[in-house]
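S.K.: Got a file for you: start15.cif, mmCIF, C-alpha atoms.
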```
data_final
#
loop_
_atom_site.label_atom_id
_atom_site.label_comp_id
_atom_site.auth_asym_id
_atom_site.auth_seq_id
_atom_site.Cartn_x
_atom_site.Cartn_y
_atom_site.Cartn_z
CA GLU V 1 0.00 0.00 0.00
CA LYS V 2 2.82 2.40 0.88
CA ALA V 3 4.63 1.59 -2.39
CA LYS V 4 1.45 2.30 -4.35
CA GLY V 5 1.01 5.66 -2.60
CA ASP V 6 4.66 6.58 -3.22
CA LEU V 7 4.30 5.63 -6.87
CA GLU V 8 1.13 7.71 -7.26
CA ARG V 9 2.88 10.75 -5.73
CA GLN V 10 5.88 10.30 -8.05
CA THR V 11 3.56 10.06 -11.05
CA GLY V 12 1.75 13.19 -9.92
CA ARG V 13 5.00 15.16 -9.61
CA VAL V 14 6.19 14.00 -13.05
CA LEU V 15 2.85 14.82 -14.72
CA LYS V 16 2.83 18.24 -13.02
CA HIS V 17 6.32 18.87 -14.41
CA CYS V 18 5.15 17.86 -17.91
CA ILE V 19 2.20 20.24 -17.72
CA GLU V 20 4.44 23.08 -16.51
CA GLN V 21 6.83 22.46 -19.42
CA GLY V 22 3.99 22.22 -21.96
CA TYR V 23 4.81 18.62 -22.91
CA GLU V 24 2.25 16.34 -24.53
CA VAL V 25 2.10 13.13 -22.50
CA VAL V 26 1.88 10.18 -24.88
CA GLU V 27 1.94 7.44 -22.27
CA SER V 28 2.56 7.18 -18.54
CA PHE V 29 4.14 4.15 -16.87
CA GLU V 30 4.01 3.02 -13.26
CA GLU V 31 6.00 -0.04 -12.31
CA VAL V 32 6.95 -1.27 -8.86
CA GLY V 33 10.15 -3.26 -8.75
CA SER V 34 13.87 -3.11 -8.58
CA GLY V 35 15.71 -0.83 -10.99
CA MET V 36 18.12 -3.73 -11.44
CA ASN V 37 15.47 -6.10 -12.77
CA ASP V 38 15.65 -6.52 -16.54
CA HIS V 39 12.29 -8.32 -16.77
CA ARG V 40 10.18 -5.17 -16.80
CA PRO V 41 7.31 -5.22 -19.32
CA LYS V 42 6.69 -1.48 -19.05
CA LEU V 43 10.34 -0.70 -19.71
CA ARG V 44 10.14 -2.91 -22.78
CA ARG V 45 7.05 -0.96 -23.86
CA LEU V 46 9.04 2.26 -23.44
CA PHE V 47 11.72 0.84 -25.74
CA GLU V 48 9.01 0.11 -28.33
CA LEU V 49 7.85 3.74 -28.20
CA ILE V 50 11.43 4.94 -28.58
CA GLU V 51 12.30 2.57 -31.42
CA GLY V 52 9.02 3.44 -33.17
CA ARG V 53 9.95 7.12 -32.88
CA THR V 54 6.63 7.79 -31.16
CA ILE V 55 8.22 9.94 -28.46
CA ASP V 56 11.11 12.38 -28.25
CA ARG V 57 11.51 12.66 -24.49
CA VAL V 58 11.35 10.39 -21.43
CA ILE V 59 10.56 12.11 -18.14
CA VAL V 60 11.33 10.43 -14.81
CA GLU V 61 11.34 11.77 -11.29
CA HIS V 62 14.92 10.67 -10.58
CA LYS V 63 17.62 9.18 -12.79
CA ASP V 64 17.57 5.94 -10.81
CA ARG V 65 13.87 5.34 -11.56
CA LEU V 66 14.83 4.00 -14.98
CA CYS V 67 17.77 1.86 -13.86
CA ARG V 68 20.28 1.67 -11.05
CA PHE V 69 23.31 1.05 -13.22
CA MET V 70 24.36 1.90 -16.77
CA PHE V 71 22.25 5.07 -16.95
CA GLU V 72 24.67 6.59 -19.47
CA PHE V 73 24.13 3.55 -21.68
CA LEU V 74 20.41 4.34 -21.80
CA VAL V 75 21.15 8.00 -22.51
CA SER V 76 23.28 6.93 -25.48
CA TYR V 77 20.76 4.33 -26.69
CA PHE V 78 17.81 6.72 -26.45
CA GLY V 79 19.90 9.43 -28.09
CA GLY V 80 20.36 7.17 -31.11
CA TYR V 81 16.61 7.61 -31.64
CA ASP V 82 16.74 11.37 -30.86
CA VAL V 83 15.04 10.77 -27.49
CA GLU V 84 16.19 12.72 -24.43
CA ILE V 85 15.90 11.56 -20.83
CA GLU V 86 14.86 14.30 -18.43
CA TRP V 87 14.54 13.97 -14.68
CA VAL V 88 12.46 16.22 -12.47
CA SER V 89 14.71 16.23 -9.42
CA ASP V 90 18.29 15.47 -8.45
CA ILE V 91 17.28 15.33 -4.78
CA LEU V 92 16.45 11.86 -3.58
CA GLY V 93 14.37 11.03 -0.55
CA LYS V 94 15.63 9.18 2.49
CA SER V 95 14.32 5.93 1.06
CA TYR V 96 16.92 6.10 -1.73
CA GLU V 97 19.66 4.77 0.54
CA GLN V 98 17.38 1.99 1.74
CA GLU V 99 16.49 1.07 -1.86
CA LEU V 100 20.17 1.08 -2.83
CA VAL V 101 21.06 -1.28 0.03
CA GLU V 102 18.22 -3.60 -1.01
CA ASP V 103 19.46 -3.54 -4.60
CA MET V 104 23.02 -4.30 -3.52
CA LEU V 105 21.81 -7.25 -1.43
CA SER V 106 19.73 -8.46 -4.37
CA LEU V 107 22.74 -8.15 -6.68
CA MET V 108 24.99 -10.06 -4.28
CA SER V 109 22.33 -12.75 -3.86
CA SER V 110 21.95 -13.09 -7.61
CA PHE V 111 25.70 -13.46 -8.16
CA SER V 112 26.18 -15.90 -5.31
CA SER V 113 23.32 -18.10 -6.54
CA ARG V 114 25.00 -18.31 -9.96
CA ILE V 115 28.29 -19.37 -8.39
#
```
Can you give me the file's structure in the form of structure tokens?
M.R.:
Amino acid sequence: EKAKGDLERQTGRVLKHCIEQGYEVVESFEEVGSGMNDHRPKLRRLFELIEGRTIDRVIVEHKDRLCRFMFEFLVSYFGGYDVEIEWVSDILGKSYEQELVEDMLSLMSSFSSRI
């Protein structure tokens, strides 16, 4: 329930930013899960929009909302389709550190299970 409320507030802040900037919102995505997970159907849908040249900008609240690692890779990939990534805020809430620790533990668990 808390995650859903946090997600709704993030979406609200991003949509408010889009309205203030005069952007046309083509599609909005909400997805709860780890930024390290590569099995994300909504992220795949975003790639379809980018590759289909349906959008020219991706707006997120924070850079880490798209992925935890390899952000510059996504910037380069999206740029190949003339799509910019824009984030609303560089300031992360207190929960960022907690999420990062959880991601690190998940990463370590994943690697150790493969060994």
S.K.: From the set V:Val83, V:Leu105, V:Leu66, V:Val75, which residue has the shortest atom-to-atom contact distance to Leu49 in chain V, counting all atoms listed in the file?
M.R.: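 Answer, going by the shortest atom-to-atom distance: V:Val83.
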S.K.: If the PyMOL selection byres ((chain V and resi 85) around 7) were run on this exact file, what residues would it hold? Put them as a VMD selection string.
M.R.: chain V and resid 57 to 59 75 83 to 84 86 to 87
S.K.: To one decimal in Å, tell me the separation between CA of Leu7 in chain V and CA of Val101 in chain V.
M.R.: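 Taking CA of Leu7 in chain V and CA of Val101 in chain V, their separation equals 19.4 Å.
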S.K.: Can you work out which one of V:Glu61, V:Leu46, V:His39, V:Arg53 has the shortest atom-to-atom distance to Arg9 in chain V, counting only C-alpha atoms?
M.R.: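 Smallest separation from Arg9 in chain V among the options: V:Glu61.
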S.K.: At what distance in Å, to one decimal, does CA of Glu31 in chain V lie from CA of Phe71 in chain V?
M.R.: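 For CA of Phe71 in chain V relative to CA of Glu31 in chain V, the distance reads 17.7 Å.
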S.K.: Report, in Å with one decimal, the straight-line distance from CA of His62 in chain V to CA of Val14 in chain V.
M.R.: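 Spanning CA of His62 in chain V to CA of Val14 in chain V is a straight-line distance of 9.7 Å.
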S.K.: For the point (10.9, -0.6, -23.0) in the file's frame, write as a VMD selection string all residues with an atom no more than 12 Å away, counting only C-alpha atoms.
M.R.: chain V and resid 29 31 38 to 52 58 66 to 67 74 77 to 78
S.K.: Return the single residue from V:Glu30, V:Gly22, V:Gly80, V:Gly12 that is closest to Arg65 in chain V, with distances computed using all atoms listed in the file.
M.R.: V:Glu30
S.K.: Between V:Ser109, V:Thr11, V:Gln21, V:Ser76, which residue has the minimum interatomic distance to Val60 in chain V, considering all atoms listed in the file?
M.R.: V:Thr11
S.K.: Skip Val25 in chain V itself and residues of its chain fewer than 6 positions away, then list as an mmCIF file with C-alpha atoms, keeping the file's coordinate frame all residues within 9 Å of it, counting all atoms listed in the file.
M.R.:
```
data_model
loop_
_atom_site.group_PDB
_atom_site.id
_atom_site.type_symbol
_atom_site.label_atom_id
_atom_site.label_comp_id
_atom_site.auth_asym_id
_atom_site.auth_seq_id
_atom_site.Cartn_x
_atom_site.Cartn_y
_atom_site.Cartn_z
ATOM 1 C CA LEU V 15 2.850 14.820 -14.720
ATOM 2 C CA CYS V 18 5.150 17.860 -17.910
ATOM 3 C CA ILE V 19 2.200 20.240 -17.720
#
```
S.K.: Of the candidates V:Leu107, V:Val32, V:Tyr81, V:Asp56, which shows the shortest atom-to-atom distance to Phe69 in chain V, using only C-alpha atoms?
M.R.: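 Smallest distance to Phe69 in chain V is found for V:Leu107.
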